[in-house]
Amino acid sequence: MKKGISLTVFAVLCACGAYLILDKPTPIEAISNEVSTSSATVAEQKKATSLFKPSNQPNSKATELAKLKLAKRQCKQQSLKATQAAADHSQIEAAIKQALKDGDSLEDILSYSELVKISYRSFNTLVINAIKQNAEQQFQYASSVGILKNWQGLEVIDYFDIDTINQLTAINGPLSQNTGSMMFNVPLPEQVNKTALYKLLDNNDDFNTYLKTPFKIGPSRLISPSILFLVNAHALSLTEFENVISSKEFTVNDIAVALKSNLPNDYLAALISQTAQLNGSPTAMSDDFIDEQLYLNLADVAVSEFNVPILKLLSERGIEPTNQPNVFTAMDIAIVNLKGSSNSEVQPLEGKHIETLSYLKNKGYRAHGELVRDTPNDRLLMLKSSFLPSSLLFVGDQIANDAFSQFIDLKLIPNNLAFKRKEKDNSAISKALSAYELQKQQAKKVSPECETIDQRIYSLEAIKTRSQALEELETLEAQQGLLTPNTLQEIDPVQVHNWQFLHSNEYKYQTSTQYQTYKEAIVEKDFNTVATITQTAKLSTHQTNMLLAATIENAQQLTSIWQNRVAPTAPENLYLFTKLPLAQWQTLADNGFDFSLKDMQNNDMYFYASMHSKEAVKFLMSLAVAHDFSKPGLDILDQALEQSYNTQTLADYMPSALKLVDQYEPNHFRRAERLKVFVPDVYEELIKLEPKLAPKNDTVMNNYLYSAY
């Protein structure tokens, strides 16, 4: 079985809508969504106001709180509009794209970068994006994932089976719009299906039509029949390859992917000879969220791969690496690709690296950077182009002597040499920057009341913030020594949870037994090995977490193994149940899963069922699962009372919570008192359900509210 996430799993996630949880939209999209959600019509505003406006037995505090919360909504709406205005660079982007089309130099365009302070993105990033978007216009892109149904030969990739294609094509709209941030690699097949490989060549009309995806096949998140063919073309002999490509056309995108896929140079040479149009900017690798780079031509891609033979071949055809000294050069591209994947220090140089650096030096290329330390005992170069993302690289003679000897004779270009304009002119870019600045200023006007609204609400509600609650605990421990849950329960059950959070790092995780073997057995669904280890050794907390997650997915096979653990270790928490469909709770129960379990912090299933739904609470009650009211911390009635206050509506599982309680405690009455003071309508509903919860006249309302961390 292949390891790692499968394309089928991804398709199911998308088809079921799970990507909505995993997706991370662009800042402007996220802000637009928030504003559109918050911008209510007059009718909606009245409806929202009614949530906080008591209709029966009004009192001064309840009325004042309703007014303040409505004011806060209005302040938030204004703030979101201001944020949206700051994130809207559309006018600037349009002006930059047009300037590039008009032939303005990058140096000239970048000279506007410091005239206005823009938000969320740098001016350089806007320029880079404009270059890519303009470059994409030379290629043909698919508008919908439905094109996959028309492509022949997709089975060349193991993960593209019929079910996966059907599930992917069931998604409306482009994949990249909904799932762009959930990018992962789809592995290339170890043994290439040649029949499928040849079928890719039969996609005559769509051979070079590109589909943007959130998964990478080879080096690119673009796929097309041409790309799928080239990333697997090593399976053909050179003669076979030359014969089959003779009747096809390829683009610079295809060649760039082939370069990045380490297709042998003889194959690349044949491909280049076959391609009529070698000019243009390849965009196939420009949308990698992890390692975003910019290539203005194929020679830049060859530099990134340190492929001198192909550089020389492209040079013969008039394609030279980028050399814009005040912006970025091919030497900068080489430097970006020399650093390690997770740090800014140069990795050991190989022969191809030294050969490429020498080739570029001899061609007169320079790099952006400076000698930041120069002493007899320590010399350090800092290499970075302010225009290229993630290009910072340190090269020191003490830690990378061989590399330092290659770089010390480089001619360096200081980043501050680039010309900066001191004032605006009549250009389209200047006008766009002025318009952007004006829209920010107009949207940013916030009334003085908005600056103090939160503090006024906190003061009126007399609720201590989480940070204040934690500070209180630290002060108490400094005065009294180590606290106990029972002591904190007398103050407020929320403080029990805050104390557990404060000491969460002190929970002892047991040493794992056969950890790697156990993990692999769960991934590979080797249930015999899972059972053997589980029933002969005490699992660690982490192993217990893994087994619980696997049991939920494979209830029939693993429930009995879960129930028969040796000296069972408590799972870290049970939050995964709060997002689990109730049907899966039922499946677990049908297979003998015991819901009478607690997590490391002694929270039982009712604690999490209350965060799920009233049906989940009723489900546990139907199984006669006991709720331990003696344990310190919030019980289910505390949670129902808190939820009623937070939502200004009686919790829908309140009747079930009341049925579970044998005896009411001081913390219950303190929370009922809060409802009485601030949400009298909800309080009246509560007392109709249970008159015994009416607090005495001298009851002090609670000052702490729970939040899940």
# chains A, B, ... in the order shown; residues from 1 in each chain; ligands from 1

$ closest_atom_pairs --of "segment 67-181 of chain A" --to "segment 241-263 of chain A" --cutoff "12 Å" --atoms "only C-alpha atoms" --output "tab-separated table"
residue	atom	partner	partner_atom	distance
A:Ala135	CA	A:Asn253	CA	10.4
A:Glu136	CA	A:Asn253	CA	9.8
A:Gln138	CA	A:Thr251	CA	9.5
A:Phe139	CA	A:Thr251	CA	8.2
A:Gln140	CA	A:Thr251	CA	10.5
A:Tyr141	CA	A:Asn253	CA	12.0

$ write_last_selection --atoms "C-alpha atoms" --output "PDB file, in the first residue's frame"
ATOM      1  CA  ALA A 135       2.568  35.592 -18.453  1.00  0.00           C
ATOM      2  CA  GLU A 136      -0.383  33.241 -17.941  1.00  0.00           C
ATOM      3  CA  GLN A 138       0.117  33.162 -23.278  1.00  0.00           C
ATOM      4  CA  PHE A 139      -1.238  29.769 -22.138  1.00  0.00           C
ATOM      5  CA  GLN A 140      -4.605  28.050 -22.286  1.00  0.00           C
ATOM      6  CA  TYR A 141      -6.166  27.274 -18.889  1.00  0.00           C
TER       7      TYR A 141
END

$ residues_around --residues "segment 531-535 of chain A" --least-positions-apart "5" --cutoff "8 Å" --atoms "only C-alpha atoms" --output "list in words"
Gln514, Tyr518, Ile561, Trp562, Asn564, Arg565 and Val566 of chain A

$ residues_around --residues "Tyr664 of chain A" --least-positions-apart "6" --cutoff "10 Å" --atoms "only C-alpha atoms" --output "list in words"
Phe629, Leu637, Leu658, Lys692 and Leu693 of chain A

$ write_last_selection --atoms "N, CA and C atoms" --output "tab-separated table (two decimals), in the first residue's frame"
chain	number	residue	atom	x	y	z
A	629	PHE	N	-20.76	14.34	38.39
A	629	PHE	CA	-20.88	15.72	38.88
A	629	PHE	C	-19.92	16.00	40.03
A	637	LEU	N	-24.43	21.19	33.19
A	637	LEU	CA	-25.34	22.30	33.47
A	637	LEU	C	-24.59	23.63	33.45
A	658	LEU	N	-30.68	19.35	32.68
A	658	LEU	CA	-31.39	19.40	33.96
A	658	LEU	C	-31.78	18.00	34.44
A	692	LYS	N	-36.31	25.64	40.76
A	692	LYS	CA	-35.33	25.52	41.84
A	692	LYS	C	-34.01	26.24	41.53
A	693	LEU	N	-33.81	26.62	40.25
A	693	LEU	CA	-32.57	27.30	39.89
A	693	LEU	C	-32.62	28.80	40.15

$ residues_around --residues "His89 of chain A" --least-positions-apart "6" --cutoff "9 Å" --atoms "only C-alpha atoms" --output "list in words"
Ile28, Ile118, Ser119, Arg121, Leu126, Ala432, Leu433 and Tyr436 of chain A

$ closest_residue --among "A:Ile96, A:Ile453, A:Leu383, A:Ile333" --to "Leu68 of chain A" --atoms "only C-alpha atoms"
A:Ile453

$ select_by_dssp --residues "segment 57-301 of chain A" --states "strand (DSSP E)" --output "ChimeraX atom specification"
/A:140-141,184-186,209-217,220-223

$ write_last_selection --atoms "N, CA and C atoms" --output "compact mmCIF listing (two decimals), in the first residue's frame"
# COMPACT_ATOMS: atom_id res chain seq x y z
N GLN A 140 -3.18 28.38 -22.34
CA GLN A 140 -4.61 28.05 -22.29
C GLN A 140 -4.89 27.32 -20.98
N TYR A 141 -5.82 27.87 -20.18
CA TYR A 141 -6.17 27.27 -18.89
C TYR A 141 -7.59 26.73 -18.92
N PHE A 184 -0.66 19.21 -1.57
CA PHE A 184 0.15 18.07 -1.19
C PHE A 184 0.67 17.41 -2.46
N ASN A 185 1.63 16.53 -2.30
CA ASN A 185 2.27 15.87 -3.44
C ASN A 185 1.57 14.56 -3.77
N VAL A 186 1.31 14.36 -5.05
CA VAL A 186 0.83 13.08 -5.54
C VAL A 186 2.03 12.37 -6.15
N THR A 209 -3.55 22.28 -22.54
CA THR A 209 -4.49 23.01 -21.69
C THR A 209 -4.18 22.68 -20.24
N TYR A 210 -3.98 23.72 -19.44
CA TYR A 210 -3.51 23.53 -18.06
C TYR A 210 -4.64 23.69 -17.06
N LEU A 211 -4.64 22.81 -16.06
CA LEU A 211 -5.60 22.86 -14.97
C LEU A 211 -4.83 23.15 -13.68
N LYS A 212 -5.25 24.20 -12.97
CA LYS A 212 -4.64 24.50 -11.67
C LYS A 212 -5.23 23.59 -10.62
N THR A 213 -4.37 22.96 -9.85
CA THR A 213 -4.83 22.02 -8.82
C THR A 213 -4.14 22.33 -7.50
N PRO A 214 -4.70 21.84 -6.39
CA PRO A 214 -4.03 21.99 -5.10
C PRO A 214 -3.06 20.85 -4.81
N PHE A 215 -2.88 19.95 -5.75
CA PHE A 215 -1.88 18.88 -5.56
C PHE A 215 -0.79 19.02 -6.61
N LYS A 216 0.37 18.52 -6.28
CA LYS A 216 1.50 18.59 -7.19
C LYS A 216 1.81 17.21 -7.73
N ILE A 217 1.97 17.14 -9.03
CA ILE A 217 2.44 15.92 -9.67
C ILE A 217 3.79 16.28 -10.29
N SER A 220 5.11 20.66 -10.30
CA SER A 220 4.15 21.72 -10.57
C SER A 220 2.75 21.36 -10.12
N ARG A 221 1.99 22.40 -9.74
CA ARG A 221 0.57 22.19 -9.41
C ARG A 221 -0.30 22.42 -10.64
N LEU A 222 0.31 22.68 -11.78
CA LEU A 222 -0.43 22.66 -13.03
C LEU A 222 -0.36 21.25 -13.60
N ILE A 223 -1.47 20.78 -14.14
CA ILE A 223 -1.42 19.52 -14.86
C ILE A 223 -2.05 19.72 -16.24

$ residues_around --residues "Gln455 of chain A" --least-positions-apart "3" --cutoff "12 Å" --atoms "only C-alpha atoms" --output "PyMOL selection string"
chain A and resi 68-69+72+449-452+458-465

$ residues_around --residues "Ala130 of chain A" --least-positions-apart "4" --cutoff "9 Å" --atoms "only C-alpha atoms" --output "ChimeraX atom specification"
/A:93-94,96-98,100,125-126,134-135

$ residues_around --residues "Trp585 of chain A" --least-positions-apart "4" --cutoff "10 Å" --atoms "only C-alpha atoms" --output "VMD selection string"
chain A and resid 552 555 577 580 to 581 589 to 590 593 595 616 619 to 620

$ select_by_dssp --residues "segment 137-380 of chain A" --states "alpha helix (DSSP H)" --output "ChimeraX atom specification"
/A:162-169,175-179,194-200,225-231,238-245,252-260,265-274,298-304,308-316,330-336,351-362

$ closest_residue --among "A:Pro325, A:Pro632, A:Pro225, A:Pro264" --to "Leu148 of chain A" --atoms "only C-alpha atoms"
A:Pro225

$ atom_distance --atom1 "atom CA of Leu539 of chain A" --atom2 "atom CA of Thr569 of chain A"
6.5 Å

$ atom_distance --atom1 "atom CA of Arg379 of chain A" --atom2 "atom CA of Asn323 of chain A"
27.2 Å

$ closest_residue --among "A:Thr239, A:Asn297, A:Asn232, A:Asn498" --to "Ala196 of chain A" --atoms "only C-alpha atoms"
A:Asn232

$ decode --residues "segment 692-708 of chain A" --atoms "all heavy atoms" --output "PDB file, in the first residue's frame"
ATOM      1  N   LYS A 692     -36.310  25.645  40.756  1.00  0.00           N
ATOM      2  CA  LYS A 692     -35.327  25.524  41.841  1.00  0.00           C
ATOM      3  C   LYS A 692     -34.013  26.237  41.527  1.00  0.00           C
ATOM      4  O   LYS A 692     -33.187  26.422  42.414  1.00  0.00           O
ATOM      5  CB  LYS A 692     -35.042  24.041  42.110  1.00  0.00           C
ATOM      6  CG  LYS A 692     -36.227  23.285  42.691  1.00  0.00           C
ATOM      7  CD  LYS A 692     -35.873  21.826  42.918  1.00  0.00           C
ATOM      8  CE  LYS A 692     -37.066  21.042  43.454  1.00  0.00           C
ATOM      9  NZ  LYS A 692     -36.734  19.596  43.643  1.00  0.00           N
ATOM     10  N   LEU A 693     -33.809  26.615  40.249  1.00  0.00           N
ATOM     11  CA  LEU A 693     -32.566  27.301  39.886  1.00  0.00           C
ATOM     12  C   LEU A 693     -32.615  28.804  40.146  1.00  0.00           C
ATOM     13  O   LEU A 693     -31.652  29.516  39.872  1.00  0.00           O
ATOM     14  CB  LEU A 693     -32.230  27.047  38.410  1.00  0.00           C
ATOM     15  CG  LEU A 693     -31.320  25.855  38.128  1.00  0.00           C
ATOM     16  CD1 LEU A 693     -31.138  25.659  36.627  1.00  0.00           C
ATOM     17  CD2 LEU A 693     -29.966  26.020  38.804  1.00  0.00           C
ATOM     18  N   ALA A 694     -33.731  29.310  40.680  1.00  0.00           N
ATOM     19  CA  ALA A 694     -33.821  30.736  40.998  1.00  0.00           C
ATOM     20  C   ALA A 694     -32.850  31.060  42.126  1.00  0.00           C
ATOM     21  O   ALA A 694     -32.944  30.485  43.218  1.00  0.00           O
ATOM     22  CB  ALA A 694     -35.249  31.103  41.397  1.00  0.00           C
ATOM     23  N   PRO A 695     -31.886  31.957  41.889  1.00  0.00           N
ATOM     24  CA  PRO A 695     -30.895  32.268  42.927  1.00  0.00           C
ATOM     25  C   PRO A 695     -31.488  33.133  44.037  1.00  0.00           C
ATOM     26  O   PRO A 695     -32.459  33.871  43.823  1.00  0.00           O
ATOM     27  CB  PRO A 695     -29.819  33.026  42.147  1.00  0.00           C
ATOM     28  CG  PRO A 695     -30.539  33.628  40.983  1.00  0.00           C
ATOM     29  CD  PRO A 695     -31.651  32.680  40.640  1.00  0.00           C
ATOM     30  N   LYS A 696     -30.893  33.035  45.215  1.00  0.00           N
ATOM     31  CA  LYS A 696     -31.320  33.885  46.332  1.00  0.00           C
ATOM     32  C   LYS A 696     -30.897  35.322  46.056  1.00  0.00           C
ATOM     33  O   LYS A 696     -30.027  35.589  45.233  1.00  0.00           O
ATOM     34  CB  LYS A 696     -30.690  33.379  47.631  1.00  0.00           C
ATOM     35  CG  LYS A 696     -31.184  31.985  48.017  1.00  0.00           C
ATOM     36  CD  LYS A 696     -30.510  31.515  49.307  1.00  0.00           C
ATOM     37  CE  LYS A 696     -31.006  30.112  49.690  1.00  0.00           C
ATOM     38  NZ  LYS A 696     -30.336  29.608  50.919  1.00  0.00           N
ATOM     39  N   ASN A 697     -31.489  36.245  46.787  1.00  0.00           N
ATOM     40  CA  ASN A 697     -31.249  37.663  46.534  1.00  0.00           C
ATOM     41  C   ASN A 697     -29.796  38.071  46.741  1.00  0.00           C
ATOM     42  O   ASN A 697     -29.321  39.034  46.142  1.00  0.00           O
ATOM     43  CB  ASN A 697     -32.155  38.519  47.430  1.00  0.00           C
ATOM     44  CG  ASN A 697     -33.605  38.413  46.994  1.00  0.00           C
ATOM     45  OD1 ASN A 697     -33.893  38.126  45.835  1.00  0.00           O
ATOM     46  ND2 ASN A 697     -34.535  38.624  47.940  1.00  0.00           N
ATOM     47  N   ASP A 698     -29.061  37.375  47.614  1.00  0.00           N
ATOM     48  CA  ASP A 698     -27.671  37.758  47.890  1.00  0.00           C
ATOM     49  C   ASP A 698     -26.660  36.999  47.019  1.00  0.00           C
ATOM     50  O   ASP A 698     -25.457  37.055  47.261  1.00  0.00           O
ATOM     51  CB  ASP A 698     -27.340  37.541  49.367  1.00  0.00           C
ATOM     52  CG  ASP A 698     -27.528  36.079  49.785  1.00  0.00           C
ATOM     53  OD1 ASP A 698     -28.100  35.292  48.982  1.00  0.00           O
ATOM     54  OD2 ASP A 698     -27.110  35.712  50.904  1.00  0.00           O
ATOM     55  N   THR A 699     -27.148  36.281  45.985  1.00  0.00           N
ATOM     56  CA  THR A 699     -26.238  35.510  45.125  1.00  0.00           C
ATOM     57  C   THR A 699     -25.408  36.448  44.257  1.00  0.00           C
ATOM     58  O   THR A 699     -25.937  37.380  43.637  1.00  0.00           O
ATOM     59  CB  THR A 699     -27.035  34.557  44.209  1.00  0.00           C
ATOM     60  OG1 THR A 699     -27.797  33.657  45.026  1.00  0.00           O
ATOM     61  CG2 THR A 699     -26.096  33.766  43.299  1.00  0.00           C
ATOM     62  N   VAL A 700     -24.102  36.199  44.220  1.00  0.00           N
ATOM     63  CA  VAL A 700     -23.175  36.991  43.391  1.00  0.00           C
ATOM     64  C   VAL A 700     -22.943  36.232  42.088  1.00  0.00           C
ATOM     65  O   VAL A 700     -22.638  35.041  42.098  1.00  0.00           O
ATOM     66  CB  VAL A 700     -21.829  37.211  44.112  1.00  0.00           C
ATOM     67  CG1 VAL A 700     -20.870  37.987  43.211  1.00  0.00           C
ATOM     68  CG2 VAL A 700     -22.056  37.946  45.427  1.00  0.00           C
ATOM     69  N   MET A 701     -23.127  36.912  40.962  1.00  0.00           N
ATOM     70  CA  MET A 701     -22.963  36.217  39.675  1.00  0.00           C
ATOM     71  C   MET A 701     -21.494  35.869  39.432  1.00  0.00           C
ATOM     72  O   MET A 701     -20.576  36.485  39.977  1.00  0.00           O
ATOM     73  CB  MET A 701     -23.497  37.071  38.519  1.00  0.00           C
ATOM     74  CG  MET A 701     -22.773  38.357  38.275  1.00  0.00           C
ATOM     75  SD  MET A 701     -23.582  39.305  36.958  1.00  0.00           S
ATOM     76  CE  MET A 701     -22.626  40.816  36.997  1.00  0.00           C
ATOM     77  N   ASN A 702     -21.277  34.862  38.585  1.00  0.00           N
ATOM     78  CA  ASN A 702     -19.920  34.384  38.292  1.00  0.00           C
ATOM     79  C   ASN A 702     -19.135  35.418  37.491  1.00  0.00           C
ATOM     80  O   ASN A 702     -19.700  36.237  36.763  1.00  0.00           O
ATOM     81  CB  ASN A 702     -19.980  33.072  37.502  1.00  0.00           C
ATOM     82  CG  ASN A 702     -20.558  33.274  36.115  1.00  0.00           C
ATOM     83  OD1 ASN A 702     -21.691  33.740  35.980  1.00  0.00           O
ATOM     84  ND2 ASN A 702     -19.807  32.910  35.088  1.00  0.00           N
ATOM     85  N   ASN A 703     -17.799  35.365  37.629  1.00  0.00           N
ATOM     86  CA  ASN A 703     -16.922  36.328  36.931  1.00  0.00           C
ATOM     87  C   ASN A 703     -16.025  35.678  35.887  1.00  0.00           C
ATOM     88  O   ASN A 703     -15.142  36.336  35.334  1.00  0.00           O
ATOM     89  CB  ASN A 703     -16.037  37.060  37.948  1.00  0.00           C
ATOM     90  CG  ASN A 703     -16.848  37.826  38.971  1.00  0.00           C
ATOM     91  OD1 ASN A 703     -16.758  37.571  40.162  1.00  0.00           O
ATOM     92  ND2 ASN A 703     -17.677  38.751  38.504  1.00  0.00           N
ATOM     93  N   TYR A 704     -16.211  34.384  35.616  1.00  0.00           N
ATOM     94  CA  TYR A 704     -15.339  33.675  34.678  1.00  0.00           C
ATOM     95  C   TYR A 704     -16.193  32.978  33.620  1.00  0.00           C
ATOM     96  O   TYR A 704     -17.245  32.419  33.925  1.00  0.00           O
ATOM     97  CB  TYR A 704     -14.491  32.622  35.395  1.00  0.00           C
ATOM     98  CG  TYR A 704     -13.665  33.160  36.541  1.00  0.00           C
ATOM     99  CD1 TYR A 704     -14.199  33.205  37.829  1.00  0.00           C
ATOM    100  CD2 TYR A 704     -12.364  33.606  36.336  1.00  0.00           C
ATOM    101  CE1 TYR A 704     -13.454  33.695  38.888  1.00  0.00           C
ATOM    102  CE2 TYR A 704     -11.609  34.088  37.399  1.00  0.00           C
ATOM    103  CZ  TYR A 704     -12.162  34.138  38.670  1.00  0.00           C
ATOM    104  OH  TYR A 704     -11.415  34.627  39.706  1.00  0.00           O
ATOM    105  N   LEU A 705     -15.730  33.009  32.386  1.00  0.00           N
ATOM    106  CA  LEU A 705     -16.371  32.265  31.305  1.00  0.00           C
ATOM    107  C   LEU A 705     -15.337  31.349  30.671  1.00  0.00           C
ATOM    108  O   LEU A 705     -14.166  31.718  30.504  1.00  0.00           O
ATOM    109  CB  LEU A 705     -16.960  33.209  30.250  1.00  0.00           C
ATOM    110  CG  LEU A 705     -18.182  34.038  30.673  1.00  0.00           C
ATOM    111  CD1 LEU A 705     -18.626  34.923  29.510  1.00  0.00           C
ATOM    112  CD2 LEU A 705     -19.339  33.156  31.130  1.00  0.00           C
ATOM    113  N   TYR A 706     -15.785  30.159  30.285  1.00  0.00           N
ATOM    114  CA  TYR A 706     -14.869  29.166  29.718  1.00  0.00           C
ATOM    115  C   TYR A 706     -14.629  29.422  28.231  1.00  0.00           C
ATOM    116  O   TYR A 706     -15.531  29.822  27.501  1.00  0.00           O
ATOM    117  CB  TYR A 706     -15.456  27.763  29.886  1.00  0.00           C
ATOM    118  CG  TYR A 706     -14.643  26.673  29.214  1.00  0.00           C
ATOM    119  CD1 TYR A 706     -13.456  26.226  29.781  1.00  0.00           C
ATOM    120  CD2 TYR A 706     -15.058  26.105  28.009  1.00  0.00           C
ATOM    121  CE1 TYR A 706     -12.713  25.230  29.178  1.00  0.00           C
ATOM    122  CE2 TYR A 706     -14.316  25.114  27.399  1.00  0.00           C
ATOM    123  CZ  TYR A 706     -13.140  24.680  27.991  1.00  0.00           C
ATOM    124  OH  TYR A 706     -12.398  23.712  27.377  1.00  0.00           O
ATOM    125  N   SER A 707     -13.405  29.200  27.800  1.00  0.00           N
ATOM    126  CA  SER A 707     -13.106  29.213  26.360  1.00  0.00           C
ATOM    127  C   SER A 707     -12.201  28.031  26.075  1.00  0.00           C
ATOM    128  O   SER A 707     -11.277  27.749  26.835  1.00  0.00           O
ATOM    129  CB  SER A 707     -12.420  30.516  25.938  1.00  0.00           C
ATOM    130  OG  SER A 707     -11.185  30.676  26.597  1.00  0.00           O
ATOM    131  N   ALA A 708     -12.500  27.306  24.985  1.00  0.00           N
ATOM    132  CA  ALA A 708     -11.669  26.162  24.600  1.00  0.00           C
ATOM    133  C   ALA A 708     -10.394  26.690  23.975  1.00  0.00           C
ATOM    134  O   ALA A 708     -10.431  27.549  23.106  1.00  0.00           O
ATOM    135  CB  ALA A 708     -12.422  25.279  23.611  1.00  0.00           C
TER     136      ALA A 708
END
